[in-house]
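Undergrad: Got a structure for you, structure.cif, holding mmCIF, C-alpha atoms.
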data_work
#
loop_
_atom_site.label_atom_id
_atom_site.label_comp_id
_atom_site.auth_asym_id
_atom_site.auth_seq_id
_atom_site.Cartn_x
_atom_site.Cartn_y
_atom_site.Cartn_z
CA MET A 1 0.00 0.00 0.00
CA LEU A 2 1.32 3.42 -0.97
CA VAL A 3 1.40 5.90 1.88
CA ALA A 4 0.98 9.52 0.80
CA ARG A 5 3.95 11.67 1.63
CA PRO A 6 3.14 14.11 4.42
CA TRP A 7 2.88 17.74 3.48
CA ARG A 8 5.61 20.09 4.64
CA SER A 9 4.84 23.70 5.38
CA ALA A 10 6.19 26.89 6.92
CA ALA A 11 4.37 30.04 8.01
CA ARG A 12 5.33 33.54 9.07
CA THR A 13 3.73 36.87 9.85
CA ASP A 14 5.20 40.35 10.22
CA ALA A 15 3.63 43.70 11.15
CA GLY A 16 5.47 45.36 8.25
CA LYS A 17 7.15 48.76 8.39
CA VAL A 18 4.20 51.07 9.09
CA ARG A 19 1.46 49.41 11.13
CA ALA A 20 1.89 49.34 14.91
CA ARG A 21 -0.31 46.25 15.28
CA ASN A 22 -0.41 43.00 13.38
CA GLU A 23 -4.04 42.09 12.59
CA ASP A 24 -3.09 39.02 10.53
CA ALA A 25 -3.21 35.45 11.84
CA PHE A 26 -2.37 32.04 10.40
CA LEU A 27 -2.86 28.32 10.99
CA ASP A 28 -0.08 25.95 9.97
CA ALA A 29 -1.33 22.41 10.69
CA PRO A 30 0.17 19.93 8.20
CA GLN A 31 -0.86 17.00 10.43
CA GLN A 32 -4.49 18.09 9.91
CA GLY A 33 -4.00 18.91 6.25
CA LEU A 34 -5.29 22.41 7.00
CA TRP A 35 -3.75 25.84 6.54
CA VAL A 36 -5.36 29.26 6.98
CA VAL A 37 -4.52 32.96 6.60
CA ALA A 38 -6.86 35.61 8.06
CA ASP A 39 -6.38 39.37 7.73
CA GLY A 40 -8.32 41.44 10.28
CA MET A 41 -9.97 44.41 8.66
CA GLY A 42 -7.43 47.21 8.84
CA GLY A 43 -8.41 50.39 10.58
CA HIS A 44 -11.38 48.73 12.25
CA GLN A 45 -11.51 47.98 15.94
CA LYS A 46 -10.65 44.46 16.93
CA GLY A 47 -9.47 43.24 13.54
CA ASP A 48 -6.84 41.17 15.29
CA ILE A 49 -9.53 39.58 17.51
CA ALA A 50 -11.52 38.54 14.42
CA SER A 51 -8.53 36.99 12.62
CA GLN A 52 -7.35 35.11 15.75
CA LEU A 53 -10.88 33.84 16.39
CA ILE A 54 -11.11 32.44 12.86
CA VAL A 55 -7.77 30.68 13.11
CA SER A 56 -8.36 29.22 16.58
CA SER A 57 -11.87 28.04 15.70
CA LEU A 58 -10.75 26.28 12.51
CA ALA A 59 -7.83 24.70 14.39
CA GLU A 60 -10.28 23.04 16.77
CA LEU A 61 -12.39 21.35 14.08
CA PRO A 62 -12.45 17.53 14.25
CA VAL A 63 -10.10 15.71 11.89
CA GLN A 64 -12.35 12.62 11.74
CA GLY A 65 -14.66 12.20 8.79
CA ASP A 66 -14.02 12.18 5.08
CA PHE A 67 -12.90 15.10 2.96
CA ASP A 68 -16.43 16.27 2.11
CA GLU A 69 -17.49 16.25 5.78
CA ARG A 70 -14.42 18.23 6.78
CA LEU A 71 -14.98 20.77 4.01
CA LYS A 72 -18.59 21.17 5.14
CA GLY A 73 -17.35 21.64 8.72
CA ILE A 74 -15.03 24.48 7.67
CA ARG A 75 -17.85 26.25 5.84
CA GLN A 76 -20.27 25.84 8.77
CA CYS A 77 -17.64 27.13 11.18
CA LEU A 78 -17.07 30.27 9.10
CA HIS A 79 -20.82 30.93 8.80
CA TRP A 80 -21.13 30.53 12.58
CA LEU A 81 -18.21 32.94 13.12
CA ASN A 82 -19.84 35.45 10.77
CA ARG A 83 -22.97 35.43 12.95
CA ARG A 84 -20.94 35.57 16.15
CA LEU A 85 -18.84 38.52 15.00
CA GLY A 86 -22.01 40.31 13.89
CA GLN A 87 -23.62 39.76 17.29
CA GLU A 88 -20.46 40.76 19.14
CA LEU A 89 -20.41 43.99 17.17
CA THR A 90 -23.99 44.76 18.16
CA VAL A 91 -23.31 44.09 21.82
CA THR A 92 -19.90 45.74 22.20
CA ALA A 93 -19.92 48.65 19.79
CA GLY A 94 -23.44 50.03 19.88
CA ARG A 95 -22.37 52.04 16.86
CA HIS A 96 -22.93 51.34 13.18
CA ASP A 97 -19.63 52.68 11.88
CA SER A 98 -17.37 49.91 13.14
CA ILE A 99 -17.06 46.37 11.84
CA ILE A 100 -15.32 43.46 13.52
CA GLY A 101 -14.27 41.45 10.49
CA SER A 102 -11.55 39.54 8.73
CA THR A 103 -10.70 38.00 5.40
CA VAL A 104 -10.08 34.27 5.34
CA VAL A 105 -8.40 31.87 2.94
CA ALA A 106 -8.12 28.20 3.90
CA LEU A 107 -6.60 25.18 2.18
CA LEU A 108 -7.74 21.66 3.03
CA VAL A 109 -5.77 18.72 1.58
CA GLU A 110 -6.39 14.99 1.93
CA GLY A 111 -4.79 12.43 -0.36
CA ASN A 112 -5.03 13.81 -3.89
CA ARG A 113 -7.95 16.13 -3.11
CA ALA A 114 -7.67 19.78 -2.17
CA ALA A 115 -10.10 22.61 -1.60
CA CYS A 116 -9.53 26.34 -1.26
CA ILE A 117 -12.19 28.27 0.70
CA TRP A 118 -12.13 32.06 0.91
CA ALA A 119 -13.85 35.39 1.54
CA GLY A 120 -12.02 38.66 0.97
CA ASP A 121 -8.71 39.41 -0.73
CA SER A 122 -6.29 37.05 1.00
CA ARG A 123 -5.11 34.68 -1.72
CA CYS A 124 -4.33 31.07 -2.55
CA TYR A 125 -1.75 30.36 -5.27
CA LEU A 126 -0.72 27.05 -6.84
CA TRP A 127 2.77 26.43 -8.26
CA ARG A 128 2.62 23.54 -10.74
CA ASN A 129 5.00 22.56 -13.56
CA GLN A 130 6.95 25.82 -13.20
CA ARG A 131 3.80 27.92 -13.57
CA LEU A 132 1.98 30.09 -11.03
CA TYR A 133 -1.82 29.97 -10.83
CA GLN A 134 -3.96 32.24 -8.65
CA LEU A 135 -6.71 29.91 -7.41
CA SER A 136 -8.72 32.44 -5.41
CA LYS A 137 -10.37 35.54 -6.88
CA ASP A 138 -10.36 38.69 -4.74
CA HIS A 139 -13.62 39.86 -3.22
CA SER A 140 -12.66 43.52 -3.59
CA LEU A 141 -14.00 46.60 -5.32
CA GLN A 142 -10.94 46.55 -7.59
CA GLN A 143 -11.79 43.04 -8.85
CA GLN A 144 -15.47 44.00 -9.19
CA LEU A 145 -14.55 47.00 -11.38
CA ILE A 146 -12.42 44.72 -13.60
CA ASP A 147 -15.21 42.13 -13.89
CA GLU A 148 -18.27 44.37 -14.21
CA GLN A 149 -16.92 47.60 -15.74
CA GLN A 150 -14.29 45.93 -17.95
CA MET A 151 -11.65 48.21 -16.43
CA SER A 152 -7.98 47.37 -16.81
CA VAL A 153 -6.05 46.39 -13.66
CA GLU A 154 -4.28 49.78 -13.75
CA GLN A 155 -7.57 51.72 -14.05
CA ALA A 156 -9.21 49.74 -11.25
CA LYS A 157 -6.17 50.23 -8.99
CA ASP A 158 -6.54 54.00 -9.37
CA HIS A 159 -10.07 53.97 -7.93
CA PRO A 160 -10.01 55.69 -4.51
CA ALA A 161 -11.75 52.71 -2.86
CA ALA A 162 -9.96 49.98 -4.86
CA ASN A 163 -8.92 48.08 -1.73
CA ALA A 164 -12.41 48.03 -0.20
CA LEU A 165 -13.60 44.47 0.42
CA THR A 166 -16.88 43.23 -1.00
CA ARG A 167 -16.86 40.16 1.29
CA ALA A 168 -15.33 39.27 4.65
CA VAL A 169 -16.21 37.23 7.72
CA GLY A 170 -18.22 39.51 10.04
CA ALA A 171 -18.81 42.24 7.46
CA ALA A 172 -22.40 41.45 6.52
CA GLU A 173 -25.37 39.50 7.84
CA GLN A 174 -24.97 36.82 5.16
CA LEU A 175 -21.53 35.40 4.38
CA ALA A 176 -20.91 34.14 0.84
CA LEU A 177 -17.90 31.83 0.63
CA ASP A 178 -16.19 30.75 -2.56
CA VAL A 179 -14.87 27.18 -2.78
CA LEU A 180 -12.59 25.73 -5.43
CA GLU A 181 -11.84 22.01 -5.43
CA LEU A 182 -8.94 20.50 -7.35
CA GLU A 183 -6.83 17.38 -7.74
CA VAL A 184 -3.33 17.48 -6.27
CA TYR A 185 -0.31 16.31 -8.29
CA PRO A 186 3.20 15.39 -7.11
CA GLY A 187 5.40 18.48 -6.96
CA ASP A 188 2.53 20.90 -6.33
CA ALA A 189 3.22 23.79 -3.98
CA PHE A 190 0.66 26.19 -2.50
CA LEU A 191 0.93 29.70 -1.10
CA LEU A 192 -1.65 31.32 1.17
CA CYS A 193 -1.01 34.99 1.86
CA SER A 194 -2.52 38.29 2.95
CA ASP A 195 -2.68 41.26 0.57
CA GLY A 196 0.23 42.93 2.35
CA LEU A 197 2.52 40.24 0.98
CA TYR A 198 1.39 39.91 -2.64
CA GLN A 199 0.90 43.65 -3.19
CA GLY A 200 4.61 44.18 -2.68
CA LEU A 201 5.67 41.33 -4.97
CA GLY A 202 4.97 40.56 -8.61
CA SER A 203 3.92 37.12 -9.82
CA ASP A 204 7.50 36.46 -11.00
CA ALA A 205 8.80 36.96 -7.46
CA LEU A 206 6.09 34.68 -6.06
CA GLY A 207 6.93 31.98 -8.61
CA ASP A 208 10.67 32.27 -7.99
CA ALA A 209 10.13 31.69 -4.27
CA LEU A 210 7.73 28.77 -4.76
CA SER A 211 10.19 27.05 -7.11
CA LEU A 212 12.48 26.54 -4.10
CA THR A 213 11.93 23.07 -2.65
CA ALA A 214 12.12 23.85 1.09
CA PRO A 215 9.06 25.76 2.41
CA LYS A 216 11.18 27.66 4.97
CA VAL A 217 13.59 28.83 2.27
CA ALA A 218 10.69 29.86 0.00
CA LEU A 219 9.13 31.78 2.89
CA ALA A 220 12.40 33.59 3.64
CA ARG A 221 12.66 34.61 -0.04
CA LEU A 222 9.11 36.00 -0.01
CA PHE A 223 9.61 38.04 3.16
CA ASP A 224 13.04 39.32 2.09
CA GLY A 225 11.45 40.63 -1.10
CA ALA A 226 8.37 42.12 0.57
CA LEU A 227 10.32 43.79 3.38
CA ARG A 228 12.70 45.39 0.88
CA GLY A 229 9.65 47.28 -0.39
CA SER A 230 7.42 49.73 1.47
CA ALA A 231 5.63 46.98 3.48
CA ARG A 232 2.85 49.40 4.45
CA ASP A 233 0.56 46.56 5.58
CA ASN A 234 0.89 43.44 7.72
CA LEU A 235 2.47 40.51 5.85
CA THR A 236 1.53 36.86 6.29
CA ALA A 237 2.32 33.79 4.21
CA VAL A 238 2.10 30.01 4.45
CA VAL A 239 4.03 27.84 1.97
CA ILE A 240 2.86 24.23 1.58
CA ARG A 241 4.34 21.39 -0.47
CA GLN A 242 4.81 17.62 -0.48
#
Once you've parsed the file, please lay out its structure as structure tokens.
TA:
Amino acid sequence: MLVARPWRSAARTDAGKVRARNEDAFLDAPQQGLWVVADGMGGHQKGDIASQLIVSSLAELPVQGDFDERLKGIRQCLHWLNRRLGQELTVTAGRHDSIIGSTVVALLVEGNRAACIWAGDSRCYLWRNQRLYQLSKDHSLQQQLIDEQQMSVEQAKDHPAANALTRAVGAAEQLALDVLELEVYPGDAFLLCSDGLYQGLGSDALGDALSLTAPKVALARLFDGALRGSARDNLTAVVIRQ
């Protein structure tokens, strides 16, 4: 009987050069086949509480059950957290101008099956056969302008509210999650990261890092590149490979 090689991974977060607080959080649990990046909504109160709550809640999910049951459990957990963060906001803030929210991107892998689950603009990338694929699609105004107004990336970036999120956990009464399922091949590598990381690096730099076989070395390359730039936001990344 062939035993699947365990996944190796490495994760890191950094406040960056400007922000006093780090509102990002991550889960690096190769033994569970689960990895997560959450980016608390910047500028809002308690963004770090929201991201930590997402990560700790997903970490506690049972590992028993088949892939489909576990995927369903992740989705149910995020919907429950969306309600909880909404209620917490009502109780603690008493004001309508503050949101306790966070993006989330999660990767679940079991055998040759994988699923990426996300809300917001934290991303999941796949490195396969020397090519980089962005698996997740940003839930942001910038992406919406590209899709619906046929704007170019450059035009959409210039919009004053380009970075505004159209979805996040805790941001609205109903949470809409996107899920992408795929088959895993030998040699695949994945990257989960917050927008602070990928905004400072082009796709070539991401691909160059993911071509390195050791997750820790790939991670170091990513952070060296991002921290050489302006690093105005918190930076978080998880690199995963067999």
Undergrad: Can you measure CA of Leu192 (chain A) to CA of Ala162 (chain A) for me? One decimal in Å is fine.
TA: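 The value is 21.3 Å.
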Undergrad: Need to verify the contact set: region 215-224 of chain A, 10 Å, all atoms listed in the file, exclusion of same-chain residues closer than 5 positions in sequence. Can you return it as an mmCIF file with C-alpha atoms, in the frame of the given file?
TA:
data_model
loop_
_atom_site.group_PDB
_atom_site.id
_atom_site.type_symbol
_atom_site.label_atom_id
_atom_site.label_comp_id
_atom_site.auth_asym_id
_atom_site.auth_seq_id
_atom_site.Cartn_x
_atom_site.Cartn_y
_atom_site.Cartn_z
ATOM 1 C CA ARG A 8 5.610 20.090 4.640
ATOM 2 C CA SER A 9 4.840 23.700 5.380
ATOM 3 C CA ALA A 10 6.190 26.890 6.920
ATOM 4 C CA ALA A 11 4.370 30.040 8.010
ATOM 5 C CA ARG A 12 5.330 33.540 9.070
ATOM 6 C CA THR A 13 3.730 36.870 9.850
ATOM 7 C CA ASP A 14 5.200 40.350 10.220
ATOM 8 C CA GLY A 16 5.470 45.360 8.250
ATOM 9 C CA ALA A 189 3.220 23.790 -3.980
ATOM 10 C CA PHE A 190 0.660 26.190 -2.500
ATOM 11 C CA LEU A 191 0.930 29.700 -1.100
ATOM 12 C CA LEU A 197 2.520 40.240 0.980
ATOM 13 C CA TYR A 198 1.390 39.910 -2.640
ATOM 14 C CA GLY A 200 4.610 44.180 -2.680
ATOM 15 C CA LEU A 201 5.670 41.330 -4.970
ATOM 16 C CA ALA A 205 8.800 36.960 -7.460
ATOM 17 C CA LEU A 206 6.090 34.680 -6.060
ATOM 18 C CA GLY A 207 6.930 31.980 -8.610
ATOM 19 C CA ASP A 208 10.670 32.270 -7.990
ATOM 20 C CA ALA A 209 10.130 31.690 -4.270
ATOM 21 C CA LEU A 210 7.730 28.770 -4.760
ATOM 22 C CA GLY A 229 9.650 47.280 -0.390
ATOM 23 C CA ALA A 231 5.630 46.980 3.480
ATOM 24 C CA LEU A 235 2.470 40.510 5.850
ATOM 25 C CA THR A 236 1.530 36.860 6.290
ATOM 26 C CA ALA A 237 2.320 33.790 4.210
ATOM 27 C CA VAL A 238 2.100 30.010 4.450
ATOM 28 C CA VAL A 239 4.030 27.840 1.970
ATOM 29 C CA ILE A 240 2.860 24.230 1.580
ATOM 30 C CA ARG A 241 4.340 21.390 -0.470
ATOM 31 C CA GLN A 242 4.810 17.620 -0.480
#
Undergrad: My list of candidates is A:Leu132, A:Leu165, A:Ala115, A:Ala20. Which is closest to Leu71 (chain A) when distances are computed with all atoms listed in the file?
TA: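 Of A:Leu132, A:Leu165, A:Ala115, A:Ala20, the one nearest Leu71 (chain A) is A:Ala115, counting all atoms listed in the file.
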Undergrad: Tell me which of A:Leu175, A:Ser194, A:Asp68, A:Ser122 sits closest to Arg83 (chain A), counting all atoms listed in the file.
TA: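 Comparing A:Leu175, A:Ser194, A:Asp68, A:Ser122 against Arg83 (chain A), the winner is A:Leu175.
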Undergrad: Which residue out of A:Arg21, A:Ser230, A:Glu60, A:Asp48 has the minimum interatomic distance to Ile99 (chain A) when only C-alpha atoms are used?
TA: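 Ranked by minimum distance to Ile99 (chain A), first place goes to A:Asp48.
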Undergrad: For region 43-63 of chain A, which lacks atoms in the input, supply N, CA and C atoms and format the output as a PDB file, keeping the file's coordinate frame.
TA:
ATOM      1  N   GLY A  43      -7.765  49.140  10.220  1.00  0.00           N
ATOM      2  CA  GLY A  43      -8.410  50.390  10.580  1.00  0.00           C
ATOM      3  C   GLY A  43      -9.650  50.198  11.413  1.00  0.00           C
ATOM      4  N   HIS A  44     -10.204  48.978  11.431  1.00  0.00           N
ATOM      5  CA  HIS A  44     -11.380  48.730  12.250  1.00  0.00           C
ATOM      6  C   HIS A  44     -10.948  48.255  13.627  1.00  0.00           C
ATOM      7  N   GLN A  45     -11.807  48.471  14.595  1.00  0.00           N
ATOM      8  CA  GLN A  45     -11.510  47.980  15.940  1.00  0.00           C
ATOM      9  C   GLN A  45     -11.527  46.457  15.911  1.00  0.00           C
ATOM     10  N   LYS A  46     -10.622  45.894  16.661  1.00  0.00           N
ATOM     11  CA  LYS A  46     -10.650  44.460  16.930  1.00  0.00           C
ATOM     12  C   LYS A  46     -10.451  43.572  15.707  1.00  0.00           C
ATOM     13  N   GLY A  47      -9.777  44.077  14.698  1.00  0.00           N
ATOM     14  CA  GLY A  47      -9.470  43.240  13.540  1.00  0.00           C
ATOM     15  C   GLY A  47      -8.623  42.048  13.912  1.00  0.00           C
ATOM     16  N   ASP A  48      -7.700  42.271  14.873  1.00  0.00           N
ATOM     17  CA  ASP A  48      -6.840  41.170  15.290  1.00  0.00           C
ATOM     18  C   ASP A  48      -7.640  40.111  16.061  1.00  0.00           C
ATOM     19  N   ILE A  49      -8.677  40.532  16.784  1.00  0.00           N
ATOM     20  CA  ILE A  49      -9.530  39.580  17.510  1.00  0.00           C
ATOM     21  C   ILE A  49     -10.262  38.689  16.497  1.00  0.00           C
ATOM     22  N   ALA A  50     -10.773  39.299  15.431  1.00  0.00           N
ATOM     23  CA  ALA A  50     -11.520  38.540  14.420  1.00  0.00           C
ATOM     24  C   ALA A  50     -10.624  37.513  13.733  1.00  0.00           C
ATOM     25  N   SER A  51      -9.417  37.914  13.338  1.00  0.00           N
ATOM     26  CA  SER A  51      -8.530  36.990  12.620  1.00  0.00           C
ATOM     27  C   SER A  51      -8.075  35.846  13.541  1.00  0.00           C
ATOM     28  N   GLN A  52      -7.773  36.161  14.796  1.00  0.00           N
ATOM     29  CA  GLN A  52      -7.350  35.110  15.750  1.00  0.00           C
ATOM     30  C   GLN A  52      -8.494  34.149  16.042  1.00  0.00           C
ATOM     31  N   LEU A  53      -9.709  34.680  16.115  1.00  0.00           N
ATOM     32  CA  LEU A  53     -10.880  33.840  16.390  1.00  0.00           C
ATOM     33  C   LEU A  53     -11.112  32.851  15.234  1.00  0.00           C
ATOM     34  N   ILE A  54     -10.953  33.313  14.020  1.00  0.00           N
ATOM     35  CA  ILE A  54     -11.110  32.440  12.860  1.00  0.00           C
ATOM     36  C   ILE A  54     -10.093  31.308  12.889  1.00  0.00           C
ATOM     37  N   VAL A  55      -8.844  31.674  13.116  1.00  0.00           N
ATOM     38  CA  VAL A  55      -7.770  30.680  13.110  1.00  0.00           C
ATOM     39  C   VAL A  55      -7.929  29.664  14.240  1.00  0.00           C
ATOM     40  N   SER A  56      -8.230  30.149  15.444  1.00  0.00           N
ATOM     41  CA  SER A  56      -8.360  29.220  16.580  1.00  0.00           C
ATOM     42  C   SER A  56      -9.580  28.324  16.427  1.00  0.00           C
ATOM     43  N   SER A  57     -10.655  28.851  15.878  1.00  0.00           N
ATOM     44  CA  SER A  57     -11.870  28.040  15.700  1.00  0.00           C
ATOM     45  C   SER A  57     -11.659  26.951  14.648  1.00  0.00           C
ATOM     46  N   LEU A  58     -11.003  27.277  13.547  1.00  0.00           N
ATOM     47  CA  LEU A  58     -10.750  26.280  12.510  1.00  0.00           C
ATOM     48  C   LEU A  58      -9.748  25.227  12.990  1.00  0.00           C
ATOM     49  N   ALA A  59      -8.821  25.643  13.852  1.00  0.00           N
ATOM     50  CA  ALA A  59      -7.830  24.700  14.390  1.00  0.00           C
ATOM     51  C   ALA A  59      -8.482  23.623  15.250  1.00  0.00           C
ATOM     52  N   GLU A  60      -9.615  23.965  15.844  1.00  0.00           N
ATOM     53  CA  GLU A  60     -10.280  23.040  16.770  1.00  0.00           C
ATOM     54  C   GLU A  60     -11.262  22.092  16.078  1.00  0.00           C
ATOM     55  N   LEU A  61     -11.433  22.221  14.774  1.00  0.00           N
ATOM     56  CA  LEU A  61     -12.390  21.350  14.080  1.00  0.00           C
ATOM     57  C   LEU A  61     -11.911  19.900  14.112  1.00  0.00           C
ATOM     58  N   PRO A  62     -12.854  18.940  14.211  1.00  0.00           N
ATOM     59  CA  PRO A  62     -12.450  17.530  14.250  1.00  0.00           C
ATOM     60  C   PRO A  62     -11.803  17.098  12.936  1.00  0.00           C
ATOM     61  N   VAL A  63     -10.810  16.219  13.065  1.00  0.00           N
ATOM     62  CA  VAL A  63     -10.100  15.710  11.890  1.00  0.00           C
ATOM     63  C   VAL A  63     -10.768  14.449  11.355  1.00  0.00           C
TER      64      VAL A  63
END
